[in-house]
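Data block below; observations after.
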Amino acid sequence: MSPVTTVIKEDMTHSSAGPNIPLSPQEQRVIKLFPGATLADWEDWRWQIRNRIRTLDQISKLMKLTPHEERGVKGAGDKLTMSIPPYFAALIDEKDPGCPIRLQSVPLDYEFETTPDEMLDPCGEDKSSVVHGLVHRYPDRVLFLVNEMCAMYCRYCTRSRMVGDGNHTLNTSTYDAALNYIREHKEVRDVLISGGDPLTLGDRMLEYLISSVKAIPHVEFVRIGTRIPVTLPQRITPELIAMFKKYSPLWMSVHFNHAVEVTPRVKHACNMIADAGIPMGSQTVLLRGVNDSPSVMKKLFHELLKIRVRPYYIYQCDPIVGSRHFRTTVETGINIIQHLRGHTTGYAVPTYVIDGPGGGGKIPISPDYVVSKENGRYTLRNFAGGLYTYVDPTY
């Protein structure tokens, strides 16, 4: 019996530093790949970052790769490297190539196929970049890209041109230029701190960034965009939460795509965030084979509400280079909204949007509930197909 197996069999409870959550059978299988690893290691987000699965040899020990996956992993370094924390890898169904976690995290050779409509920068962020790492596209909002690293590199990433690329690394000098721009532009009242993933930074650097933004008098609204609570919930520590509470109010945009992601550790992390008074909204990307059915989306949104995460957006997958195998038709997204609106609580119905390719910003897409309108008289269709008339007031 290996030392790791012995440790796992002797103590199946938890690390003293982590939540009281036992290792799942899948987590036990993954931790055995790291000789000498302890349960305390598993609960340490830095250990998870250091031991991300990044090579063909590592991923092959977890599952039998399909030919498409093997070719994808071998070529991923030329596009977007593979990077999967052990925690998130433990959610992969090694027997099912259609597993939603597997599809999101293991490269496929389809990523190397391109179509004429695909772009390196589909949201047009580079052309709206006013200084390195700061995008000013909307009148009163800026996007502050503070790093180019994520815990897990999503295979459909709209910023694959920059994440994992040392040429886009940011530092205090680039931060200072961005902060000076915000100070000088008093129309900016809303700052979204994103990346990469800002929560891969240490607490002190995060506090420097958050405190610097919050100290600007005309900034009213500060958000953090992150997928860490989903892919690496161990990062949500009491120390991090205590730091966040010093700078209340903060808001958090979290990226959930499937109900499988809502694990006991994720629930624990989101409860800590919510208990700290930080509202969370989920930005879900519509992905073919992952969540492109009303029943899968409804299950996800119900699970999110139970952990105090508001379903906020469904994003049509951006036409990033190599994304055709992930993208659905727009009609698929409209159909999902039709099967949510009126069929479940309104809090579980997000807004379906397309980020206008080339930098058009978020454009809401809805089913057509207006059947006709004439002289201020509207014929409306409700969720069940019934027709109703509304007449504008006259003055």
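Going through the structure tokens in order, the chains are called A, B, and so on, while each chain numbers its residues from 1 and the ligands are numbered from 1 in the order shown.
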At most 10 Å is the cut-off: for each residue in range 146-248 of chain A with any atom that close to an atom of range 258-278 of chain A, write down the nearest atom pair and the distance in Å rounded to one decimal, counting only C-alpha atoms, chain first then increasing number, as JSON lines.
{"residue": "A:Arg223", "atom": "CA", "partner": "A:Ile278", "partner_atom": "CA", "distance": 9.6}
{"residue": "A:Ile228", "atom": "CA", "partner": "A:Val266", "partner_atom": "CA", "distance": 9.6}
{"residue": "A:Pro229", "atom": "CA", "partner": "A:Val266", "partner_atom": "CA", "distance": 6.2}
{"residue": "A:Val230", "atom": "CA", "partner": "A:Val266", "partner_atom": "CA", "distance": 6.1}
{"residue": "A:Thr231", "atom": "CA", "partner": "A:Glu261", "partner_atom": "CA", "distance": 8.0}
{"residue": "A:Leu232", "atom": "CA", "partner": "A:Val266", "partner_atom": "CA", "distance": 8.3}
{"residue": "A:Pro233", "atom": "CA", "partner": "A:Val266", "partner_atom": "CA", "distance": 5.5}
{"residue": "A:Gln234", "atom": "CA", "partner": "A:Ala269", "partner_atom": "CA", "distance": 7.5}
{"residue": "A:Arg235", "atom": "CA", "partner": "A:Ala269", "partner_atom": "CA", "distance": 8.4}
{"residue": "A:Ile236", "atom": "CA", "partner": "A:Ala269", "partner_atom": "CA", "distance": 5.7}
{"residue": "A:Thr237", "atom": "CA", "partner": "A:Ala269", "partner_atom": "CA", "distance": 8.0}
{"residue": "A:Pro238", "atom": "CA", "partner": "A:Met272", "partner_atom": "CA", "distance": 8.0}
{"residue": "A:Leu240", "atom": "CA", "partner": "A:Ile273", "partner_atom": "CA", "distance": 9.6}
{"residue": "A:Ile241", "atom": "CA", "partner": "A:Ala276", "partner_atom": "CA", "distance": 6.8}
{"residue": "A:Ala242", "atom": "CA", "partner": "A:Ala276", "partner_atom": "CA", "distance": 8.1}
{"residue": "A:Phe244", "atom": "CA", "partner": "A:Ala276", "partner_atom": "CA", "distance": 7.8}
{"residue": "A:Lys245", "atom": "CA", "partner": "A:Ala276", "partner_atom": "CA", "distance": 6.2}
{"residue": "A:Lys246", "atom": "CA", "partner": "A:Ala276", "partner_atom": "CA", "distance": 10.0}
{"residue": "A:Ser248", "atom": "CA", "partner": "A:Gly277", "partner_atom": "CA", "distance": 7.7}
DSSP strand (DSSP E or B) selection over range 137-360 of chain A, as a ChimeraX atom specification: /A:141-145,190-194,221-226,251-254,280-286,309-316,320,341,344,351-356
Those of range 91-292 of chain A in DSSP helix (DSSP H, G or I), formatted as number ranges by chain: A: 100-105, 109-112, 126-128, 166-168, 172-184, 198-200, 203-214, 228-231, 233-235, 238-246, 259-261, 264-275
Who sits within 12 Å of range 288-296 of chain A, only C-alpha atoms, same chain under 6 positions skipped, as number ranges by chain: A: 97-105, 156, 256-261, 302-303, 314-317, 323-341, 343-344, 348-349
Nearest residue to Thr81 in chain A from the set A:Leu33, A:Thr38, A:Ser129, A:Cys154 (distances using only C-alpha atoms): A:Cys154
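You can rank A:Leu80, A:Val321, A:Ala90, A:Ile53 by their closest distance to Leu23 in chain A using only C-alpha atoms, and at the top of that list sits A:Ala90.
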Contact residues around Lys214 in chain A with only C-alpha atoms at 12 Å, ignoring same-chain residues under 6 positions, as an MDAnalysis selection string: chainID A and resid 179 182:183 189:193 207:208 220:223 244 246:250
Distance of CA of Val219 in chain A from CA of His185 in chain A, expressed in Å to one decimal place: 10.0 Å
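For Cys123 in chain A, the set of protein, DNA and RNA residues having any atom at most 8 Å away, when counting only C-alpha atoms and skipping those fewer than 4 positions along the same chain, is Thr158, Asp318, Asp355, Gly356, Pro357, Gly358, Gly359, Gly360 and Gly361 of chain A.
Atom pair CA of Val146 in chain A / CA of Met205 in chain A has a distance of 10.1 Å (rounded to one decimal).
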